[in-house]
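Below: the structure, in structure tokens.
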Amino acid sequence: MRWSGQRVTATDDALPGLGVAEVAALPGHLRTVRAPEFAGLVFHEVLAKSALNRVPGASSMPFSWTVNPYRGCSHACVYCFARGSHRYLELDTGRDFDSQLVVKVNVAEVLGRELARPSWARARVALGTNTDPYQRAEGRYRLLPGIIAALARSGTPFSILTKGTLLRRDLPQLAEAAERVPVALAMSIAVGDPELQQSIEPGTPSTRARLATIAAARDAGFAPDVFLMPVLPHLTDDPGQLDALLRDIREAGARSVMYGPLHLRSHVKPWFFAWLEREHPELLPSYRSLYPGSASRAPQSYRMALAARIRPLIRKHGLERSSPAPVAAEPEPSAPGEPAPTLF
């Protein structure tokens, strides 16, 4: 493992309720722990040396810094673009990404020190651009309250993008933070059909629960945005499906919607195609045609057709973005004549 951190001895205690499975089992980390309420998940607790991650200057993201308290994600979304980040840890991008989770237990303290430096210019910070900060582990480790407090205390604007309904726990604190700094919230909702949603995003809260979280954020004084990403060819791109989901999103109180078709990087494609073969084998020929060989993007013809289909529906439901807000996903370059990704 390429984890740089510090060792502890076997006399150190794990968090309450977590059994120590191995102590310093891998170079550079604190301990590996498990809990009965998180069956199938393994938490690798580490001491982070830094919390702020600089976004490359060539990036099109509307922010310069990110914070990722976790690596790996129990949401287990089959299509997740972040799966490749586990290769750096010499873990696989499939089941390991879903179950072998790295927890930066000291991230809030490290972030506070970094934000207190005289050189910190209070640039916008984004959370949720890689793995979800409100995945299930956050219910135990409670890293976000410390991160939110550090950002607000330092006068740093920030955004959160999540699929996690645990966001509701922190809405009072986020509302207080928003009195001091700009705070933007966004919810990721890609699938309206409950059966498909649980098949392709098995570790996530239901779409209904996420819509309720949007409503709660609205009631707390926020104008939450929604990422309708990815749109899955032949699975979620029917106009009737999109219209119904956009209606529900609007009724929940969202401000705007950003959409994007499925993007399959090389380290995601085998995992996604294995799921497709199990669950929807009849679609394999079509997907192989849409994403041949090493291609990661759907062809321009599909992207243009999707734009022509969904943009009028977004407009119909009053969910067009009127002004930038500080959250972003993984944007892709636009093809000629194709609408540029709208970044939150």
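By order in the structure tokens, chains are A, B, ...; within a chain, residues start at 1; ligands start at 1, following the order shown.
Contact shell of Gly318 in chain A at 12 Å (only C-alpha atoms; same-chain neighbours under 3 positions omitted): Leu246, Arg247, Ile249, Arg250, Glu251, Gly253, Ala254, Arg255, Ser256, Val257, Arg311, Pro312, Leu313, Ile314, Arg315, Arg321 and Ser322 of chain A.
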Just asking: which residues within range 190-302 of chain A are strand (DSSP E or B) according to DSSP, as an mmCIF file with C-alpha atoms, in the first residue's frame?
data_model
loop_
_atom_site.group_PDB
_atom_site.id
_atom_site.type_symbol
_atom_site.label_atom_id
_atom_site.label_comp_id
_atom_site.auth_asym_id
_atom_site.auth_seq_id
_atom_site.Cartn_x
_atom_site.Cartn_y
_atom_site.Cartn_z
ATOM 1 C CA ASP A 225 -29.159 21.867 -7.308
ATOM 2 C CA VAL A 226 -29.352 18.378 -8.823
ATOM 3 C CA PHE A 227 -26.924 16.378 -10.934
ATOM 4 C CA LEU A 228 -28.942 14.105 -13.208
ATOM 5 C CA MET A 229 -25.831 12.148 -14.057
ATOM 6 C CA PRO A 230 -25.176 9.783 -15.632
ATOM 7 C CA VAL A 231 -28.038 9.339 -18.047
ATOM 8 C CA VAL A 257 -30.494 20.432 -12.985
ATOM 9 C CA MET A 258 -27.264 19.504 -14.710
ATOM 10 C CA TYR A 259 -27.300 16.393 -16.872
ATOM 11 C CA GLY A 260 -24.703 14.260 -18.590
ATOM 12 C CA PRO A 261 -24.577 10.890 -20.381
ATOM 13 C CA HIS A 263 -18.947 8.168 -19.176
ATOM 14 C CA ARG A 297 -17.674 8.723 -24.195
#
Between A:Arg54, A:Arg168, A:Pro182, A:Arg136, smallest distance to Leu151 in chain A by only C-alpha atoms belongs to A:Pro182
In Å to one decimal, how far is CA of Asp92 in chain A from CA of Cys73 in chain A?
-> 12.7 Å
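Of the residues listed (A:Pro233, A:Gly112, A:Pro172, A:Gly84), A:Pro172 shows the shortest atom-to-atom separation from Gly221 in chain A; distances use only C-alpha atoms.
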What's the 10 Å shell around Arg153 in chain A, counting only C-alpha atoms, without same-chain residues fewer than 4 positions away, as an mmCIF file with all heavy atoms, in the first residue's frame?
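Output (out_20.cif):
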data_model
loop_
_atom_site.group_PDB
_atom_site.id
_atom_site.type_symbol
_atom_site.label_atom_id
_atom_site.label_comp_id
_atom_site.auth_asym_id
_atom_site.auth_seq_id
_atom_site.Cartn_x
_atom_site.Cartn_y
_atom_site.Cartn_z
ATOM 1 N N GLY A 112 -8.029 22.418 9.433
ATOM 2 C CA GLY A 112 -8.018 23.644 10.231
ATOM 3 C C GLY A 112 -6.660 24.299 10.237
ATOM 4 O O GLY A 112 -6.547 25.530 10.133
ATOM 5 N N LEU A 115 -5.992 25.857 6.736
ATOM 6 C CA LEU A 115 -6.781 27.065 6.476
ATOM 7 C C LEU A 115 -6.327 28.247 7.330
ATOM 8 O O LEU A 115 -6.630 29.406 6.998
ATOM 9 C CB LEU A 115 -8.254 26.785 6.758
ATOM 10 C CG LEU A 115 -8.931 25.723 5.879
ATOM 11 C CD1 LEU A 115 -10.365 25.487 6.349
ATOM 12 C CD2 LEU A 115 -8.920 26.137 4.412
ATOM 13 N N ALA A 116 -5.602 27.967 8.399
ATOM 14 C CA ALA A 116 -5.121 29.040 9.283
ATOM 15 C C ALA A 116 -3.814 29.650 8.797
ATOM 16 O O ALA A 116 -3.354 30.650 9.363
ATOM 17 C CB ALA A 116 -4.936 28.496 10.701
ATOM 18 N N ILE A 147 -15.086 19.448 9.427
ATOM 19 C CA ILE A 147 -14.668 20.074 8.171
ATOM 20 C C ILE A 147 -15.482 21.342 7.917
ATOM 21 O O ILE A 147 -14.942 22.398 7.553
ATOM 22 C CB ILE A 147 -14.833 19.072 7.013
ATOM 23 C CG1 ILE A 147 -13.819 17.937 7.153
ATOM 24 C CG2 ILE A 147 -14.686 19.767 5.662
ATOM 25 C CD1 ILE A 147 -14.035 16.794 6.183
ATOM 26 N N ILE A 148 -16.791 21.251 8.099
ATOM 27 C CA ILE A 148 -17.660 22.417 7.905
ATOM 28 C C ILE A 148 -17.263 23.543 8.852
ATOM 29 O O ILE A 148 -17.171 24.718 8.454
ATOM 30 C CB ILE A 148 -19.131 22.017 8.119
ATOM 31 C CG1 ILE A 148 -19.578 21.047 7.024
ATOM 32 C CG2 ILE A 148 -20.034 23.251 8.149
ATOM 33 C CD1 ILE A 148 -20.890 20.339 7.332
ATOM 34 N N ALA A 149 -17.007 23.203 10.109
ATOM 35 C CA ALA A 149 -16.634 24.219 11.089
ATOM 36 C C ALA A 149 -15.324 24.893 10.702
ATOM 37 O O ALA A 149 -15.185 26.121 10.809
ATOM 38 C CB ALA A 149 -16.510 23.583 12.474
ATOM 39 N N ALA A 177 -23.185 28.119 8.891
ATOM 40 C CA ALA A 177 -22.003 28.420 8.091
ATOM 41 C C ALA A 177 -22.342 29.373 6.948
ATOM 42 O O ALA A 177 -21.548 30.256 6.600
ATOM 43 C CB ALA A 177 -21.405 27.122 7.540
ATOM 44 N N ARG A 180 -21.902 33.006 7.231
ATOM 45 C CA ARG A 180 -20.543 33.540 7.243
ATOM 46 C C ARG A 180 -19.860 33.450 5.888
ATOM 47 O O ARG A 180 -19.046 34.305 5.540
ATOM 48 C CB ARG A 180 -19.705 32.776 8.284
ATOM 49 C CG ARG A 180 -20.307 32.797 9.673
ATOM 50 C CD ARG A 180 -19.491 31.998 10.667
ATOM 51 N NE ARG A 180 -18.152 32.575 10.864
ATOM 52 C CZ ARG A 180 -17.265 32.092 11.728
ATOM 53 N NH1 ARG A 180 -17.582 31.027 12.471
ATOM 54 N NH2 ARG A 180 -16.092 32.659 11.856
ATOM 55 N N VAL A 181 -20.161 32.362 5.144
ATOM 56 C CA VAL A 181 -19.508 32.145 3.850
ATOM 57 C C VAL A 181 -20.525 31.591 2.859
ATOM 58 O O VAL A 181 -21.537 31.006 3.257
ATOM 59 C CB VAL A 181 -18.337 31.142 3.976
ATOM 60 C CG1 VAL A 181 -17.249 31.677 4.891
ATOM 61 C CG2 VAL A 181 -18.819 29.779 4.441
#
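Listed by chain and then by rising number, the residues of range 145-186 of chain A that DSSP assigns to helix (DSSP H, G or I) from the backbone are A:Pro145, A:Gly146, A:Ile147, A:Ile148, A:Ala149, A:Ala150, A:Leu151, A:Ala152, A:Arg153, A:Ser154, A:Thr165, A:Leu166, A:Leu167, A:Arg168, A:Arg169, A:Asp170, A:Leu171, A:Pro172, A:Gln173, A:Leu174, A:Ala175, A:Glu176, A:Ala177, A:Ala178.
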Give me a file of those residues, with C-alpha atoms, as a tab-separated table (two decimals), in the first residue's frame.
chain	number	residue	atom	x	y	z
A	145	PRO	CA	-19.02	18.63	11.11
A	146	GLY	CA	-15.37	19.34	11.83
A	147	ILE	CA	-14.67	20.07	8.17
A	148	ILE	CA	-17.66	22.42	7.90
A	149	ALA	CA	-16.63	24.22	11.09
A	150	ALA	CA	-13.05	24.68	9.87
A	151	LEU	CA	-14.18	26.08	6.52
A	152	ALA	CA	-16.70	28.49	8.03
A	153	ARG	CA	-14.31	29.63	10.75
A	154	SER	CA	-11.66	30.48	8.16
A	165	THR	CA	-29.32	11.69	2.97
A	166	LEU	CA	-27.07	12.04	6.01
A	167	LEU	CA	-26.64	15.60	4.76
A	168	ARG	CA	-29.83	16.36	6.70
A	169	ARG	CA	-27.98	15.81	9.99
A	170	ASP	CA	-25.73	18.78	9.25
A	171	LEU	CA	-28.27	21.20	7.76
A	172	PRO	CA	-28.47	23.34	10.94
A	173	GLN	CA	-24.67	23.67	11.02
A	174	LEU	CA	-24.56	24.34	7.28
A	175	ALA	CA	-27.21	27.06	7.66
A	176	GLU	CA	-25.06	28.71	10.35
A	177	ALA	CA	-22.00	28.42	8.09
A	178	ALA	CA	-23.94	30.02	5.23
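Shell of Gln135 in chain A at 9 Å, with only C-alpha atoms counted and residues fewer than 4 places along the chain excluded, is A:Tyr70, A:Cys73, A:Ser74, A:His75, A:Thr131, A:Gly139, A:Thr162, A:Lys163, A:Gly164, A:Thr165, A:Leu166, A:Gly203, A:Thr204.
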Give me a file of those residues, with all heavy atoms, as an mmCIF file, in the first residue's frame.
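Printed below is result.cif as written:
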data_model
loop_
_atom_site.group_PDB
_atom_site.id
_atom_site.type_symbol
_atom_site.label_atom_id
_atom_site.label_comp_id
_atom_site.auth_asym_id
_atom_site.auth_seq_id
_atom_site.Cartn_x
_atom_site.Cartn_y
_atom_site.Cartn_z
ATOM 1 N N TYR A 70 -12.806 10.612 2.629
ATOM 2 C CA TYR A 70 -12.820 9.162 2.428
ATOM 3 C C TYR A 70 -12.257 8.819 1.052
ATOM 4 O O TYR A 70 -12.335 9.618 0.115
ATOM 5 C CB TYR A 70 -14.253 8.618 2.528
ATOM 6 C CG TYR A 70 -14.928 8.929 3.840
ATOM 7 C CD1 TYR A 70 -15.809 10.010 3.956
ATOM 8 C CD2 TYR A 70 -14.677 8.160 4.973
ATOM 9 C CE1 TYR A 70 -16.423 10.307 5.153
ATOM 10 C CE2 TYR A 70 -15.296 8.452 6.184
ATOM 11 C CZ TYR A 70 -16.159 9.527 6.272
ATOM 12 O OH TYR A 70 -16.755 9.815 7.473
ATOM 13 N N CYS A 73 -15.941 4.010 -1.740
ATOM 14 C CA CYS A 73 -17.291 4.479 -1.433
ATOM 15 C C CYS A 73 -18.269 3.318 -1.364
ATOM 16 O O CYS A 73 -18.413 2.553 -2.331
ATOM 17 C CB CYS A 73 -17.753 5.479 -2.492
ATOM 18 S SG CYS A 73 -19.334 6.280 -2.115
ATOM 19 N N SER A 74 -18.959 3.201 -0.237
ATOM 20 C CA SER A 74 -19.915 2.122 -0.048
ATOM 21 C C SER A 74 -21.210 2.334 -0.825
ATOM 22 O O SER A 74 -22.068 1.447 -0.841
ATOM 23 C CB SER A 74 -20.233 1.947 1.438
ATOM 24 O OG SER A 74 -20.813 3.136 1.970
ATOM 25 N N HIS A 75 -21.377 3.464 -1.484
ATOM 26 C CA HIS A 75 -22.527 3.620 -2.371
ATOM 27 C C HIS A 75 -22.493 2.571 -3.477
ATOM 28 O O HIS A 75 -23.537 2.186 -4.002
ATOM 29 C CB HIS A 75 -22.545 5.017 -2.993
ATOM 30 C CG HIS A 75 -22.982 6.098 -2.061
ATOM 31 N ND1 HIS A 75 -23.695 5.868 -0.910
ATOM 32 C CD2 HIS A 75 -22.812 7.448 -2.130
ATOM 33 C CE1 HIS A 75 -23.951 7.022 -0.302
ATOM 34 N NE2 HIS A 75 -23.426 7.991 -1.020
ATOM 35 N N THR A 131 -15.119 10.829 -4.023
ATOM 36 C CA THR A 131 -16.057 9.914 -3.366
ATOM 37 C C THR A 131 -16.960 10.708 -2.419
ATOM 38 O O THR A 131 -16.630 11.808 -2.000
ATOM 39 C CB THR A 131 -15.322 8.805 -2.606
ATOM 40 O OG1 THR A 131 -14.416 9.378 -1.667
ATOM 41 C CG2 THR A 131 -14.554 7.926 -3.583
ATOM 42 N N GLY A 139 -21.705 8.289 9.094
ATOM 43 C CA GLY A 139 -22.578 8.143 10.253
ATOM 44 C C GLY A 139 -21.815 7.710 11.491
ATOM 45 O O GLY A 139 -22.223 8.032 12.617
ATOM 46 N N THR A 162 -23.531 15.342 -3.091
ATOM 47 C CA THR A 162 -23.703 14.065 -2.408
ATOM 48 C C THR A 162 -24.900 13.294 -2.943
ATOM 49 O O THR A 162 -25.805 13.871 -3.560
ATOM 50 C CB THR A 162 -23.871 14.292 -0.886
ATOM 51 O OG1 THR A 162 -23.942 13.030 -0.219
ATOM 52 C CG2 THR A 162 -25.141 15.087 -0.591
ATOM 53 N N LYS A 163 -24.897 11.991 -2.698
ATOM 54 C CA LYS A 163 -26.082 11.153 -2.830
ATOM 55 C C LYS A 163 -26.630 10.812 -1.444
ATOM 56 O O LYS A 163 -27.643 10.125 -1.330
ATOM 57 C CB LYS A 163 -25.736 9.842 -3.547
ATOM 58 C CG LYS A 163 -25.419 9.938 -5.026
ATOM 59 C CD LYS A 163 -25.209 8.530 -5.581
ATOM 60 C CE LYS A 163 -25.057 8.553 -7.102
ATOM 61 N NZ LYS A 163 -23.638 8.741 -7.490
ATOM 62 N N GLY A 164 -25.940 11.245 -0.403
ATOM 63 C CA GLY A 164 -26.239 10.802 0.945
ATOM 64 C C GLY A 164 -27.275 11.644 1.662
ATOM 65 O O GLY A 164 -27.147 12.867 1.764
ATOM 66 N N THR A 165 -28.294 10.986 2.205
ATOM 67 C CA THR A 165 -29.322 11.693 2.969
ATOM 68 C C THR A 165 -28.826 12.094 4.349
ATOM 69 O O THR A 165 -29.500 12.858 5.049
ATOM 70 C CB THR A 165 -30.574 10.821 3.095
ATOM 71 O OG1 THR A 165 -30.215 9.556 3.685
ATOM 72 C CG2 THR A 165 -31.183 10.555 1.735
ATOM 73 N N LEU A 166 -27.651 11.613 4.746
ATOM 74 C CA LEU A 166 -27.065 12.037 6.014
ATOM 75 C C LEU A 166 -26.754 13.533 6.012
ATOM 76 O O LEU A 166 -26.538 14.136 7.067
ATOM 77 C CB LEU A 166 -25.787 11.232 6.280
ATOM 78 C CG LEU A 166 -25.141 11.351 7.664
ATOM 79 C CD1 LEU A 166 -26.118 10.983 8.766
ATOM 80 C CD2 LEU A 166 -23.900 10.463 7.727
ATOM 81 N N GLY A 203 -25.724 0.719 -2.744
ATOM 82 C CA GLY A 203 -25.442 1.215 -1.396
ATOM 83 C C GLY A 203 -25.981 2.595 -1.107
ATOM 84 O O GLY A 203 -25.709 3.159 -0.045
ATOM 85 N N THR A 204 -26.769 3.141 -2.018
ATOM 86 C CA THR A 204 -27.246 4.515 -1.872
ATOM 87 C C THR A 204 -28.642 4.574 -1.258
ATOM 88 O O THR A 204 -29.413 3.623 -1.342
ATOM 89 C CB THR A 204 -27.306 5.224 -3.243
ATOM 90 O OG1 THR A 204 -28.239 4.527 -4.080
ATOM 91 C CG2 THR A 204 -25.947 5.244 -3.908
#
With only C-alpha atoms as the basis for distance, which of A:Leu276, A:Ala186, A:Leu144, A:Val67 is at the shortest distance from Ile200 in chain A?
-> A:Leu276
Would you mind telling me which residue in A:Pro56, A:Pro270, A:Pro281, A:Pro69 lies nearest to Arg142 in chain A when using only C-alpha atoms?
-> A:Pro69
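Of the residues under consideration (A:Asp98, A:Glu114, A:Glu282, A:Asp248), A:Asp248 shows the shortest atom-to-atom contact distance to Arg210 in chain A when counting only C-alpha atoms.
Interatomic distance, CA of Ser286 in chain A against CA of Met187 in chain A: 29.5 Å.
Here the question is which of A:Tyr79, A:Phe97, A:Tyr141, A:Phe43 gets nearest to Leu30 in chain A using only C-alpha atoms, and that residue is A:Phe43.
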